[in-house]
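Q: So here's run_9.pdb, just PDB, C-alpha atoms and all ligand atoms:
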ATOM      1  CA  MET L  63      10.147  29.886-116.706
ATOM      2  CA  PRO L  64      10.528  27.409-119.560
ATOM      3  CA  GLY L  65      13.278  24.872-118.941
ATOM      4  CA  ALA L  66      14.204  24.963-122.614
ATOM      5  CA  ASN L  67      15.224  28.650-122.406
ATOM      6  CA  PRO L  68      18.799  28.947-121.049
ATOM      7  CA  ARG L  69      18.672  32.765-121.387
ATOM      8  CA  ALA L  70      15.706  32.914-118.969
ATOM      9  CA  LEU L  71      17.413  30.494-116.551
ATOM     10  CA  GLU L  72      20.423  32.824-116.482
ATOM     11  CA  LYS L  73      18.325  35.981-116.163
ATOM     12  CA  ALA L  74      16.516  34.420-113.193
ATOM     13  CA  LYS L  75      19.679  34.942-111.119
ATOM     14  CA  THR L  76      19.076  38.693-111.275
ATOM     15  CA  LEU L  77      15.299  38.791-110.702
ATOM     16  CA  ALA L  78      13.627  39.999-107.477
ATOM     17  CA  ALA L  79      11.457  36.884-107.212
ATOM     18  CA  ASP L  80      11.168  34.861-103.988
ATOM     19  CA  THR L  81      10.882  31.605-105.883
ATOM     20  CA  LEU L  82      11.852  30.416-109.354
ATOM     21  CA  ILE L  83       9.801  27.658-110.947
ATOM     22  CA  LEU L  84      11.810  25.984-113.708
ATOM     23  CA  ASP L  85       9.284  24.294-115.964
ATOM     24  CA  LEU L  86       9.575  20.953-117.710
ATOM     25  CA  GLU L  87       5.809  20.625-118.325
ATOM     26  CA  ASP L  88       3.528  22.802-120.457
ATOM     27  CA  ALA L  89       6.109  25.460-121.408
ATOM     28  CA  VAL L  90       8.293  22.786-123.039
ATOM     29  CA  ALA L  91       7.423  21.136-126.371
ATOM     30  CA  PRO L  92       7.425  17.294-126.414
ATOM     31  CA  ASP L  93      10.535  17.111-128.627
ATOM     32  CA  ALA L  94      12.461  19.392-126.273
ATOM     33  CA  LYS L  95      11.601  17.574-123.010
ATOM     34  CA  ALA L  96      14.831  15.599-122.574
ATOM     35  CA  GLU L  97      17.064  18.547-123.404
ATOM     36  CA  ALA L  98      15.080  20.861-121.106
ATOM     37  CA  ARG L  99      15.452  18.318-118.264
ATOM     38  CA  ASP L 100      19.242  18.314-118.707
ATOM     39  CA  THR L 101      19.374  22.114-118.963
ATOM     40  CA  VAL L 102      17.224  22.703-115.868
ATOM     41  CA  CYS L 103      18.919  20.079-113.707
ATOM     42  CA  GLY L 104      22.353  21.320-114.798
ATOM     43  CA  ALA L 105      21.379  24.890-113.883
ATOM     44  CA  VAL L 106      20.020  23.854-110.467
ATOM     45  CA  LYS L 107      23.158  21.825-109.698
ATOM     46  CA  ALA L 108      25.372  24.735-110.744
ATOM     47  CA  GLY L 109      23.422  27.093-108.429
ATOM     48  CA  GLY L 110      23.871  30.849-108.337
ATOM     49  CA  TYR L 111      20.222  31.610-107.477
ATOM     50  CA  GLY L 112      21.074  33.107-104.069
ATOM     51  CA  LYS L 113      18.276  33.094-101.488
ATOM     52  CA  ARG L 114      15.583  32.461-104.099
ATOM     53  CA  GLU L 115      13.789  29.156-103.611
ATOM     54  CA  VAL L 116      14.249  26.918-106.635
ATOM     55  CA  VAL L 117      11.386  24.657-107.706
ATOM     56  CA  ILE L 118      11.336  22.248-110.655
ATOM     57  CA  ARG L 119       7.947  21.582-112.275
ATOM     58  CA  ILE L 120       8.024  18.025-113.587
ATOM     59  CA  ASN L 121       5.703  16.351-116.068
ATOM     60  CA  GLY L 122       2.946  14.177-114.582
ATOM     61  CA  LEU L 123       3.994  10.705-113.456
ATOM     62  CA  ASP L 124       1.425   9.316-115.902
ATOM     63  CA  THR L 125       3.431  10.710-118.850
ATOM     64  CA  GLU L 126       6.464   9.188-120.532
ATOM     65  CA  TRP L 127       8.711  11.930-119.052
ATOM     66  CA  GLY L 128       7.415  12.224-115.472
ATOM     67  CA  MET L 129       9.472   9.609-113.631
ATOM     68  CA  ASP L 130      12.733  10.568-115.390
ATOM     69  CA  ASP L 131      12.019  14.218-114.552
ATOM     70  CA  LEU L 132      11.407  13.346-110.907
ATOM     71  CA  LYS L 133      14.617  11.324-110.542
ATOM     72  CA  ALA L 134      16.756  13.925-112.307
ATOM     73  CA  ALA L 135      15.143  16.747-110.312
ATOM     74  CA  VAL L 136      15.814  15.024-106.979
ATOM     75  CA  ALA L 137      19.455  14.501-107.966
ATOM     76  CA  ALA L 138      19.774  18.208-108.849
ATOM     77  CA  GLY L 139      18.769  19.280-105.316
ATOM     78  CA  PRO L 140      16.050  21.967-105.686
ATOM     79  CA  ASP L 141      14.016  23.268-102.723
ATOM     80  CA  ALA L 142      10.811  21.702-104.026
ATOM     81  CA  ILE L 143       9.258  19.693-106.835
ATOM     82  CA  LEU L 144       6.022  20.970-108.416
ATOM     83  CA  ALA L 145       3.727  18.299-109.850
ATOM     84  CA  PRO L 146       0.942  19.149-112.321
ATOM     85  CA  LYS L 147      -2.626  17.890-112.652
ATOM     86  CA  VAL L 148      -2.966  15.930-109.399
ATOM     87  CA  ILE L 149      -6.487  14.674-108.754
ATOM     88  CA  ASP L 150      -6.592  13.055-105.287
ATOM     89  CA  GLY L 151      -4.714  12.209-102.104
ATOM     90  CA  GLY L 152      -3.482   8.974-103.691
ATOM     91  CA  ASP L 153      -1.553  11.063-106.229
ATOM     92  CA  ILE L 154       0.204  12.876-103.392
ATOM     93  CA  ASP L 155       1.155   9.571-101.721
ATOM     94  CA  HIS L 156       2.391   8.228-105.068
ATOM     95  CA  LEU L 157       4.540  11.328-105.669
ATOM     96  CA  ASP L 158       5.887  11.269-102.116
ATOM     97  CA  ASP L 159       6.781   7.553-102.366
ATOM     98  CA  ALA L 160       8.509   8.156-105.711
ATOM     99  CA  LEU L 161      10.483  11.034-104.174
ATOM    100  CA  SER L 162      11.576   8.824-101.258
ATOM    101  CA  ARG L 163      12.590   6.014-103.627
ATOM    102  CA  ALA L 164      14.607   8.541-105.655
ATOM    103  CA  GLY L 165      16.502   9.475-102.467
ATOM    104  CA  ALA L 166      14.834  12.823-101.795
ATOM    105  CA  PRO L 167      15.580  14.360 -98.389
ATOM    106  CA  GLU L 168      12.660  14.724 -95.969
ATOM    107  CA  ASP L 169      12.793  18.525 -96.278
ATOM    108  CA  LEU L 170      12.329  18.593-100.054
ATOM    109  CA  GLY L 171       8.996  20.370-100.579
ATOM    110  CA  LEU L 172       6.226  18.901-102.719
ATOM    111  CA  TRP L 173       4.105  21.539-104.469
ATOM    112  CA  VAL L 174       1.123  20.604-106.599
ATOM    113  CA  MET L 175      -0.928  22.355-109.270
ATOM    114  CA  ILE L 176      -4.647  22.573-108.497
ATOM    115  CA  GLU L 177      -6.065  22.719-112.008
ATOM    116  CA  MET L 178      -8.239  19.663-112.610
ATOM    117  CA  PRO L 179     -11.978  19.390-111.829
ATOM    118  CA  LYS L 180     -11.369  16.153-109.897
ATOM    119  CA  ALA L 181      -8.747  17.936-107.771
ATOM    120  CA  ILE L 182     -11.269  20.478-106.553
ATOM    121  CA  LEU L 183     -13.840  17.774-105.830
ATOM    122  CA  ASN L 184     -11.134  15.954-103.806
ATOM    123  CA  ILE L 185      -9.387  18.983-102.313
ATOM    124  CA  LYS L 186      -9.858  17.882 -98.660
ATOM    125  CA  ASP L 187      -8.431  14.449 -99.480
ATOM    126  CA  ILE L 188      -5.451  16.125-101.193
ATOM    127  CA  ALA L 189      -4.865  18.605 -98.356
ATOM    128  CA  GLU L 190      -5.044  15.876 -95.678
ATOM    129  CA  ALA L 191      -2.036  14.247 -97.343
ATOM    130  CA  ALA L 192       0.067  17.171 -96.040
ATOM    131  CA  GLY L 193       0.049  15.478 -92.637
ATOM    132  CA  ARG L 194       1.839  12.365 -93.942
ATOM    133  CA  THR L 195       3.842  13.575 -96.969
ATOM    134  CA  ARG L 196       6.144  16.416 -98.141
ATOM    135  CA  LEU L 197       3.155  18.430 -99.478
ATOM    136  CA  THR L 198       3.657  22.136 -98.658
ATOM    137  CA  ALA L 199       2.044  24.268-101.402
ATOM    138  CA  PHE L 200      -0.850  24.565-103.828
ATOM    139  CA  VAL L 201      -0.471  26.508-107.092
ATOM    140  CA  MET L 202      -3.597  27.485-109.045
ATOM    141  CA  GLY L 203      -3.434  26.450-112.705
ATOM    142  CA  THR L 204      -5.922  28.938-114.079
ATOM    143  CA  ASN L 205      -5.153  28.180-117.745
ATOM    144  CA  ASP L 206      -5.925  24.508-117.283
ATOM    145  CA  ILE L 207      -8.943  25.272-115.094
ATOM    146  CA  ALA L 208     -10.387  27.508-117.852
ATOM    147  CA  LYS L 209      -9.760  24.786-120.424
ATOM    148  CA  GLU L 210     -11.258  22.018-118.277
ATOM    149  CA  LEU L 211     -14.347  24.051-117.307
ATOM    150  CA  ARG L 212     -14.756  25.479-120.852
ATOM    151  CA  ALA L 213     -14.860  28.819-119.032
ATOM    152  CA  VAL L 214     -13.732  32.313-119.977
ATOM    153  CA  ASN L 215     -10.673  33.693-118.163
ATOM    154  CA  ASP L 216     -11.962  37.280-117.970
ATOM    155  CA  PRO L 217     -10.806  40.056-115.587
ATOM    156  CA  SER L 218     -13.440  39.130-112.980
ATOM    157  CA  ARG L 219     -12.122  35.540-112.817
ATOM    158  CA  LEU L 220     -15.642  34.595-111.759
ATOM    159  CA  ALA L 221     -15.205  31.162-113.325
ATOM    160  CA  PHE L 222     -12.396  30.314-110.883
ATOM    161  CA  GLN L 223     -14.058  31.363-107.633
ATOM    162  CA  THR L 224     -15.092  27.852-106.575
ATOM    163  CA  PHE L 225     -11.560  26.589-107.199
ATOM    164  CA  PHE L 226     -10.068  29.568-105.348
ATOM    165  CA  GLY L 227     -12.397  29.434-102.340
ATOM    166  CA  LEU L 228     -12.137  25.695-101.736
ATOM    167  CA  THR L 229      -8.376  25.602-102.332
ATOM    168  CA  LEU L 230      -7.783  28.487 -99.933
ATOM    169  CA  ALA L 231     -10.007  26.926 -97.255
ATOM    170  CA  ALA L 232      -8.162  23.600 -97.594
ATOM    171  CA  ALA L 233      -4.793  25.365 -97.562
ATOM    172  CA  ARG L 234      -5.582  27.245 -94.364
ATOM    173  CA  ALA L 235      -7.159  24.210 -92.676
ATOM    174  CA  TYR L 236      -4.085  22.052 -93.320
ATOM    175  CA  ASP L 237      -1.313  24.694 -93.156
ATOM    176  CA  ILE L 238      -0.400  24.636 -96.834
ATOM    177  CA  LEU L 239       0.717  27.652 -98.906
ATOM    178  CA  ALA L 240      -1.643  28.774-101.687
ATOM    179  CA  ILE L 241      -0.228  30.616-104.703
ATOM    180  CA  ASP L 242      -2.408  32.344-107.312
ATOM    181  CA  GLY L 243      -2.259  31.492-111.034
ATOM    182  CA  VAL L 244      -0.482  33.324-113.863
ATOM    183  CA  TYR L 245      -1.623  36.408-115.821
ATOM    184  CA  ASN L 246      -1.142  35.787-119.546
ATOM    185  CA  ASP L 247      -1.514  39.299-121.032
ATOM    186  CA  ILE L 248       2.107  40.367-120.500
ATOM    187  CA  SER L 249       1.742  43.860-122.009
ATOM    188  CA  ASN L 250      -1.321  44.788-119.901
ATOM    189  CA  ALA L 251       0.129  46.300-116.701
ATOM    190  CA  GLU L 252      -3.218  47.591-115.415
ATOM    191  CA  GLY L 253      -4.912  44.221-115.921
ATOM    192  CA  LEU L 254      -2.058  42.524-114.098
ATOM    193  CA  GLU L 255      -2.249  44.892-111.130
ATOM    194  CA  ASN L 256      -6.011  44.342-110.789
ATOM    195  CA  GLU L 257      -5.522  40.591-110.840
ATOM    196  CA  VAL L 258      -2.630  40.687-108.346
ATOM    197  CA  ARG L 259      -4.777  42.778-105.990
ATOM    198  CA  GLN L 260      -7.685  40.356-106.387
ATOM    199  CA  GLY L 261      -5.423  37.435-105.465
ATOM    200  CA  ARG L 262      -4.127  39.300-102.391
ATOM    201  CA  LEU L 263      -7.680  40.187-101.349
ATOM    202  CA  LEU L 264      -8.806  36.556-101.632
ATOM    203  CA  GLY L 265      -6.005  35.427 -99.307
ATOM    204  CA  PHE L 266      -3.367  33.926-101.583
ATOM    205  CA  ASP L 267       0.214  33.902-100.267
ATOM    206  CA  GLY L 268       1.660  35.046-103.590
ATOM    207  CA  LYS L 269       1.267  34.833-107.338
ATOM    208  CA  THR L 270       2.963  32.807-110.048
ATOM    209  CA  LEU L 271       4.349  34.974-112.869
ATOM    210  CA  ILE L 272       5.510  34.392-116.416
ATOM    211  CA  HIS L 273       7.583  37.479-117.264
ATOM    212  CA  PRO L 274      10.132  39.678-115.418
ATOM    213  CA  SER L 275       7.929  42.769-115.980
ATOM    214  CA  GLN L 276       5.312  41.237-113.641
ATOM    215  CA  ILE L 277       7.541  40.993-110.571
ATOM    216  CA  SER L 278       7.706  44.476-109.062
ATOM    217  CA  ILE L 279       3.946  45.171-108.824
ATOM    218  CA  THR L 280       3.389  41.692-107.380
ATOM    219  CA  ASN L 281       6.036  42.257-104.710
ATOM    220  CA  GLU L 282       4.508  45.650-103.913
ATOM    221  CA  VAL L 283       0.974  44.290-103.504
ATOM    222  CA  PHE L 284       1.896  41.174-101.514
ATOM    223  CA  ALA L 285       4.385  42.868 -99.159
ATOM    224  CA  PRO L 286       2.735  44.120 -95.952
ATOM    225  CA  ALA L 287       2.282  47.918 -96.091
ATOM    226  CA  GLU L 288       4.536  49.971 -93.790
ATOM    227  CA  ALA L 289       1.528  51.095 -91.727
ATOM    228  CA  ASP L 290       0.442  47.461 -91.225
ATOM    229  CA  VAL L 291       3.947  46.468 -90.095
ATOM    230  CA  ALA L 292       4.033  49.386 -87.632
ATOM    231  CA  GLN L 293       0.576  48.438 -86.296
ATOM    232  CA  ALA L 294       1.688  44.785 -85.985
ATOM    233  CA  HIS L 295       4.697  45.818 -83.873
ATOM    234  CA  ASP L 296       2.406  47.944 -81.671
ATOM    235  CA  VAL L 297      -0.032  45.024 -81.228
ATOM    236  CA  ILE L 298       2.812  42.678 -80.191
ATOM    237  CA  ALA L 299       4.191  45.304 -77.786
ATOM    238  CA  ALA L 300       0.732  45.964 -76.299
ATOM    239  CA  PHE L 301       0.101  42.284 -75.511
ATOM    240  CA  ALA L 302       3.657  41.944 -74.086
ATOM    241  CA  ASP L 303       3.099  44.910 -71.739
ATOM    242  CA  PRO L 304       2.774  43.541 -68.147
ATOM    243  CA  ALA L 305       0.005  46.117 -67.573
ATOM    244  CA  ASN L 306      -2.115  44.147 -70.077
ATOM    245  CA  ALA L 307      -1.318  40.692 -68.684
ATOM    246  CA  GLY L 308      -4.300  38.339 -68.841
ATOM    247  CA  LYS L 309      -6.326  40.617 -71.130
ATOM    248  CA  GLY L 310      -7.921  39.125 -74.244
ATOM    249  CA  VAL L 311      -8.927  42.388 -75.869
ATOM    250  CA  LEU L 312      -7.156  45.768 -76.027
ATOM    251  CA  LYS L 313      -7.438  49.063 -77.857
ATOM    252  CA  VAL L 314      -4.259  49.604 -79.934
ATOM    253  CA  ASN L 315      -3.969  52.924 -81.823
ATOM    254  CA  GLY L 316      -7.758  53.245 -81.566
ATOM    255  CA  LYS L 317      -8.506  49.784 -82.939
ATOM    256  CA  MET L 318     -10.175  46.884 -81.132
ATOM    257  CA  THR L 319      -7.463  44.220 -80.938
ATOM    258  CA  GLU L 320      -7.977  40.624 -79.779
ATOM    259  CA  LEU L 321      -5.626  37.668 -79.402
ATOM    260  CA  LEU L 322      -6.476  36.595 -82.967
ATOM    261  CA  HIS L 323      -4.995  39.913 -84.144
ATOM    262  CA  LEU L 324      -1.819  39.134 -82.168
ATOM    263  CA  GLU L 325      -1.385  35.962 -84.215
ATOM    264  CA  GLU L 326      -1.853  37.912 -87.463
ATOM    265  CA  ALA L 327       0.519  40.636 -86.220
ATOM    266  CA  ARG L 328       3.245  38.034 -85.627
ATOM    267  CA  ARG L 329       2.744  36.706 -89.167
ATOM    268  CA  ILE L 330       3.027  40.207 -90.669
ATOM    269  CA  VAL L 331       6.244  40.892 -88.750
ATOM    270  CA  GLU L 332       7.694  37.542 -89.890
ATOM    271  CA  VAL L 333       6.811  38.219 -93.544
ATOM    272  CA  ASP L 334       8.292  41.728 -93.322
ATOM    273  CA  ALA L 335      11.520  40.363 -91.778
ATOM    274  CA  ALA L 336      11.773  37.687 -94.494
ATOM    275  CA  ILE L 337      11.371  40.317 -97.236
ATOM    276  CA  LYS L 338      14.053  42.542 -95.658
ATOM    277  CA  GLU L 339      16.419  39.563 -95.358
ATOM    278  CA  MET L 340      15.800  38.713 -99.026
ATOM    279  CA  GLU L 341      16.391  42.323-100.098
ATOM    280  CA  ALA L 342      19.632  42.452 -98.108
ATOM    281  CA  GLY L 343      20.849  39.591-100.336
TER     282      GLY L 343
HETATM  283  C1  LIG L 401       5.994  34.568-122.964
HETATM  284  C2  LIG L 401       7.474  34.511-123.256
HETATM  285  C3  LIG L 401       7.749  33.438-124.298
HETATM  286  C4  LIG L 401       7.946  35.853-123.804
HETATM  287  O1  LIG L 401       9.357  35.767-123.963
HETATM  288  P1  LIG L 401      10.200  36.859-124.709
HETATM  289  O2  LIG L 401       9.594  37.090-126.081
HETATM  290  O3  LIG L 401      11.653  36.470-124.656
HETATM  291  O4  LIG L 401       9.940  38.155-123.863
HETATM  292  P2  LIG L 401      10.757  39.471-123.789
HETATM  293  O5  LIG L 401      11.505  39.710-125.035
HETATM  294  O6  LIG L 401       9.810  40.528-123.352
HETATM  295  O7  LIG L 401      11.783  39.185-122.614
HETATM  296  C5  LIG L 401      12.553  40.209-122.050
HETATM  297  C6  LIG L 401      13.679  39.621-121.248
HETATM  298  O8  LIG L 401      13.161  38.842-120.172
HETATM  299  C7  LIG L 401      13.566  37.486-120.290
HETATM  300  N1  LIG L 401      12.422  36.627-119.895
HETATM  301  C8  LIG L 401      11.229  36.552-120.493
HETATM  302  N2  LIG L 401      10.426  35.717-119.812
HETATM  303  C9  LIG L 401      11.159  35.256-118.787
HETATM  304  C10 LIG L 401      10.880  34.366-117.727
HETATM  305  N3  LIG L 401       9.677  33.744-117.617
HETATM  306  N4  LIG L 401      11.836  34.141-116.817
HETATM  307  C11 LIG L 401      13.045  34.747-116.921
HETATM  308  N5  LIG L 401      13.377  35.616-117.900
HETATM  309  C12 LIG L 401      12.445  35.848-118.829
HETATM  310  C13 LIG L 401      13.959  37.291-121.730
HETATM  311  O9  LIG L 401      14.883  36.244-121.834
HETATM  312  C14 LIG L 401      14.562  38.649-122.034
HETATM  313  O10 LIG L 401      15.835  38.713-121.423
HETATM  314  P3  LIG L 401      17.006  39.591-122.054
HETATM  315  O11 LIG L 401      17.426  38.823-123.258
HETATM  316  O12 LIG L 401      18.049  39.647-120.992
HETATM  317  O13 LIG L 401      16.440  40.939-122.354
HETATM  318  C15 LIG L 401       8.281  34.255-121.953
HETATM  319  O14 LIG L 401       8.073  35.330-121.085
HETATM  320  C16 LIG L 401       7.981  32.956-121.294
HETATM  321  O15 LIG L 401       8.343  31.916-121.796
HETATM  322  N6  LIG L 401       7.353  33.014-120.116
HETATM  323  C17 LIG L 401       7.107  31.880-119.256
HETATM  324  C18 LIG L 401       6.151  30.869-119.849
HETATM  325  C19 LIG L 401       5.980  29.723-118.898
HETATM  326  O16 LIG L 401       6.834  29.410-118.097
HETATM  327  N7  LIG L 401       4.840  29.061-118.967
HETATM  328  C20 LIG L 401       4.542  27.944-118.094
HETATM  329  C21 LIG L 401       3.932  28.387-116.841
HETATM  330  S1  LIG L 401       2.292  28.976-117.002
HETATM  331  C22 LIG L 401       1.380  27.589-116.635
HETATM  332  O17 LIG L 401       1.593  26.578-117.228
HETATM  333  C23 LIG L 401       0.457  27.717-115.483
HETATM  334  C24 LIG L 401      -0.506  26.590-115.222
HETATM  335  O18 LIG L 401      -0.060  25.310-115.404
HETATM  336  C25 LIG L 401      -1.862  26.825-115.778
HETATM  337  O19 LIG L 401      -2.517  25.840-116.166
HETATM  338  O20 LIG L 401      -2.310  27.976-115.751
HETATM  339 MG    MG L 402      -1.428  23.946-116.039
END
What do you get writing this file as structure tokens?
Ligand SMILES: CC(C)(COP(=O)(O)OP(=O)(O)OC[C@H]1O[C@@H](n2cnc3c(N)ncnc32)[C@H](O)[C@@H]1OP(=O)(O)O)[C@@H](O)C(=O)NCCC(=O)NCCSC(=O)C[C@H](O)C(=O)O
Ligand SMILES: [Mg+2]
A:
Amino acid sequence: MPGANPRALEKAKTLAADTLILDLEDAVAPDAKAEARDTVCGAVKAGGYGKREVVIRINGLDTEWGMDDLKAAVAAGPDAILAPKVIDGGDIDHLDDALSRAGAPEDLGLWVMIEMPKAILNIKDIAEAAGRTRLTAFVMGTNDIAKELRAVNDPSRLAFQTFFGLTLAAARAYDILAIDGVYNDISNAEGLENEVRQGRLLGFDGKTLIHPSQISITNEVFAPAEADVAQAHDVIAAFADPANAGKGVLKVNGKMTELLHLEEARRIVEVDAAIKEMEAG
């Protein structure tokens, strides 16, 4: 949400979103940057966002606002900083060093937007930085990707498939979260649902949103279905059964189930538990 909109920052305290990204970059006009920084950092310091993760998107460090944003954001104490338009692993090191110099704790997350052509050409180099820095998440910047590629952001999102595929592969290879881009057509609920489902199908961990009306369908699509949670519990129980000790493959509720499915089952149960904890407040 735009950092220059105090009404939205207040409303965020009531929204069923896992994470709130308070934006100082593209949603804020140049003349409003300094005021938005004060508003966002004041809101983060004041708190009241409950269990929602709070992330501040700063301007790039190559802009006149970036370093002041970073220092003020670190002092405000969010869960993560989101940096736009990174292009290589050196950018991640530079951001991480700047965070350390600003006194950021080791557990402050560093999220980055994947939205520049050079970023996708260097995605392995960027992802490898996760092993030595605070880097924990990729966010797809589909508006910037469309602009940079001179592509059309149509419902198929064909133009973004190279960005999506390579980013997801890098995210999985280096244990980084990957979050889908935003859907701009706020009044088109059907278009949104199709796009949310496409992102889920591709393997994204979630989707970035721009309006409260987009939250409930996104939560519904990304939450594991009840049947999948029940199957996951059965898979875990089947592998824990002493009668199956030493077995690598089982039949659970009629389905061939290997150790790789046990790993996935554990992830589904963890995600389900996290959602229930969030819902319980
Ligand atoms: C697009 C908007 C400007 C529309 O705002 P508005 O006209 O106020 O919408 P509504 O009247 O329908 O709003 C209804 C109520 O909901 C609140 N609201 C609206 N949007 C948000 C929000 N994002 N977060 C929290 N609350 C919100 C309104 O205040 C109304 O509340 P109430 O008064 O109680 O009824 C606006 O939705 C907006 O600014 N959206 C976010 C834009 C944004 O953050 N853009 C930057 C991220 S996108 C991007 O840059 C991605 C990437 O980099 C890329 O390259 O793709
Ligand atoms: Mg962008």
Q: Given all atoms listed in the file as the basis, pick out the residue of L:Ile149, L:Ala78, L:Ala70, L:Met175 nearest to Ala342 in chain L.
A: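 The shortest atom-to-atom distance to Ala342 in chain L comes from L:Ala78.
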Q: Given the PyMOL selection byres (((chain L and resi 205) around 9) and not hetatm) and the file above, list the residues it selects as a list in words.
A: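 Evaluating the PyMOL selection byres (((chain L and resi 205) around 9) and not hetatm) on this file yields Glu177, Met202, Gly203, Thr204, Asp206, Ile207, Ala208, Lys209, Glu210, Asn215, Gly243, Val244 and Asn246 of chain L.
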Q: Restricting the calculation to all atoms listed in the file: of L:Ala138, L:Met340, L:Leu144, L:Ile238, which residue gets closest to ligand MG 402 (chain L)?
A: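 Residue with the minimum atom-to-atom distance to ligand MG 402 (chain L): L:Leu144.
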Q: Which residue gives the smallest distance to Gln223 in chain L among L:Asn184, L:Gln260, L:Asn250, L:Asn315, with only C-alpha atoms counted?
A: L:Gln260
Q: Given the PyMOL selection byres (((chain L and resi 232-234) around 12) and not hetatm) and the file above, list the residues it selects as a ChimeraX atom specification.
A: /L:173-174,176,181-192,197-202,225-231,235-241,265-267
Q: To test your reading of the syntax: which residues would the PyMOL selection byres (((chain L and resi 82-84) around 6) and not hetatm) return for the file shown? Reply as a PDB file with C-alpha atoms, in the frame of the given file.
A:
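So the final result, stored in part28.pdb, reads:
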ATOM      1  CA  MET L  63      10.147  29.886-116.706  1.00  0.00           C
ATOM      2  CA  GLY L  65      13.278  24.872-118.941  1.00  0.00           C
ATOM      3  CA  THR L  81      10.882  31.605-105.883  1.00  0.00           C
ATOM      4  CA  ASP L  85       9.284  24.294-115.964  1.00  0.00           C
ATOM      5  CA  VAL L 116      14.249  26.918-106.635  1.00  0.00           C
ATOM      6  CA  VAL L 117      11.386  24.657-107.706  1.00  0.00           C
ATOM      7  CA  ILE L 118      11.336  22.248-110.655  1.00  0.00           C
TER       8      ILE L 118
END
Q: Within 9 Å of range 161-168 of chain L, counting all atoms listed in the file, which residues show up once you throw out same-chain ones fewer than 4 positions away? Write them as a list in words, please.
A: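 The residues that qualify are Leu132, Lys133, Ala134, Val136, Ala137, Gly139, His156, Leu157, Thr195 and Arg196 of chain L.
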Q: Using only C-alpha atoms, pick whichever of L:Asp334, L:Glu255, L:Asp296, L:Glu115 has the shortest atom-to-atom distance to Ile277 in chain L.
A: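 The answer is L:Glu255, which sits nearest to Ile277 in chain L.
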Q: Using all atoms listed in the file, find all polymer residues with an atom at most 9 Å away from the point (10.8, 21.9, -120.3); report them as a list in words.
A: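 Residues found, by chain and rising number: Met63, Pro64, Gly65, Ala66, Asn67, Leu84, Asp85, Leu86, Glu87, Asp88, Ala89, Val90, Ala91, Pro92, Ala94, Lys95, Ala96, Glu97, Ala98, Arg99, Thr101, Val102, Arg119, Ile120 and Asn121 of chain L.
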Q: Got time to write the residues from that selection, C-alpha atoms, as a PDB file, in the coordinates of the input?
A:
ATOM      1  CA  MET L  63      10.147  29.886-116.706  1.00  0.00           C
ATOM      2  CA  PRO L  64      10.528  27.409-119.560  1.00  0.00           C
ATOM      3  CA  GLY L  65      13.278  24.872-118.941  1.00  0.00           C
ATOM      4  CA  ALA L  66      14.204  24.963-122.614  1.00  0.00           C
ATOM      5  CA  ASN L  67      15.224  28.650-122.406  1.00  0.00           C
ATOM      6  CA  LEU L  84      11.810  25.984-113.708  1.00  0.00           C
ATOM      7  CA  ASP L  85       9.284  24.294-115.964  1.00  0.00           C
ATOM      8  CA  LEU L  86       9.575  20.953-117.710  1.00  0.00           C
ATOM      9  CA  GLU L  87       5.809  20.625-118.325  1.00  0.00           C
ATOM     10  CA  ASP L  88       3.528  22.802-120.457  1.00  0.00           C
ATOM     11  CA  ALA L  89       6.109  25.460-121.408  1.00  0.00           C
ATOM     12  CA  VAL L  90       8.293  22.786-123.039  1.00  0.00           C
ATOM     13  CA  ALA L  91       7.423  21.136-126.371  1.00  0.00           C
ATOM     14  CA  PRO L  92       7.425  17.294-126.414  1.00  0.00           C
ATOM     15  CA  ALA L  94      12.461  19.392-126.273  1.00  0.00           C
ATOM     16  CA  LYS L  95      11.601  17.574-123.010  1.00  0.00           C
ATOM     17  CA  ALA L  96      14.831  15.599-122.574  1.00  0.00           C
ATOM     18  CA  GLU L  97      17.064  18.547-123.404  1.00  0.00           C
ATOM     19  CA  ALA L  98      15.080  20.861-121.106  1.00  0.00           C
ATOM     20  CA  ARG L  99      15.452  18.318-118.264  1.00  0.00           C
ATOM     21  CA  THR L 101      19.374  22.114-118.963  1.00  0.00           C
ATOM     22  CA  VAL L 102      17.224  22.703-115.868  1.00  0.00           C
ATOM     23  CA  ARG L 119       7.947  21.582-112.275  1.00  0.00           C
ATOM     24  CA  ILE L 120       8.024  18.025-113.587  1.00  0.00           C
ATOM     25  CA  ASN L 121       5.703  16.351-116.068  1.00  0.00           C
TER      26      ASN L 121
END
Q: Which one is closest to ligand MG 402 (chain L): L:Thr270, L:Arg329, L:Ala302, L:Ala285? Count all atoms listed in the file.
A: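 Going through L:Thr270, L:Arg329, L:Ala302, L:Ala285 one by one, the smallest distance to ligand MG 402 (chain L) is for L:Thr270.
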Q: Counting only C-alpha atoms, what is within 12 Å of Ser278 in chain L, bar same-chain residues fewer than 5 positions away, as a VMD selection string?
A: chain L and resid 77 to 80 251 254 to 255 258 269 271 273 283 to 285
Q: Please put the answer as AutoDock Vina command-line options: centre and edge lengths, in Å with one decimal, of a box along x, y and z that encloses all listed atoms of range 308-319 of chain L plus 6 Å on each side.
A:
--center_x -7.1 --center_y 45.8 --center_z -75.9 --size_x 18.2 --size_y 26.9 --size_z 26.1
Q: What is the CA of Pro304 in chain L-CA of Val291 in chain L distance in Å, reported with one decimal?
A: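 Rounded to one decimal, the two atoms are 22.2 Å apart.
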Q: Using only C-alpha atoms and all ligand atoms, which of L:Glu320, L:Asp169, L:Asp242, L:Asp130 sits nearest ligand LIG 401 (chain L)?
A: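 The answer is L:Asp242, which sits nearest to ligand LIG 401 (chain L).
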Q: Could you check how far CA of Asp93 in chain L sits from atom C17 of ligand LIG 401 (chain L), in Å to one decimal?
A: 17.8 Å
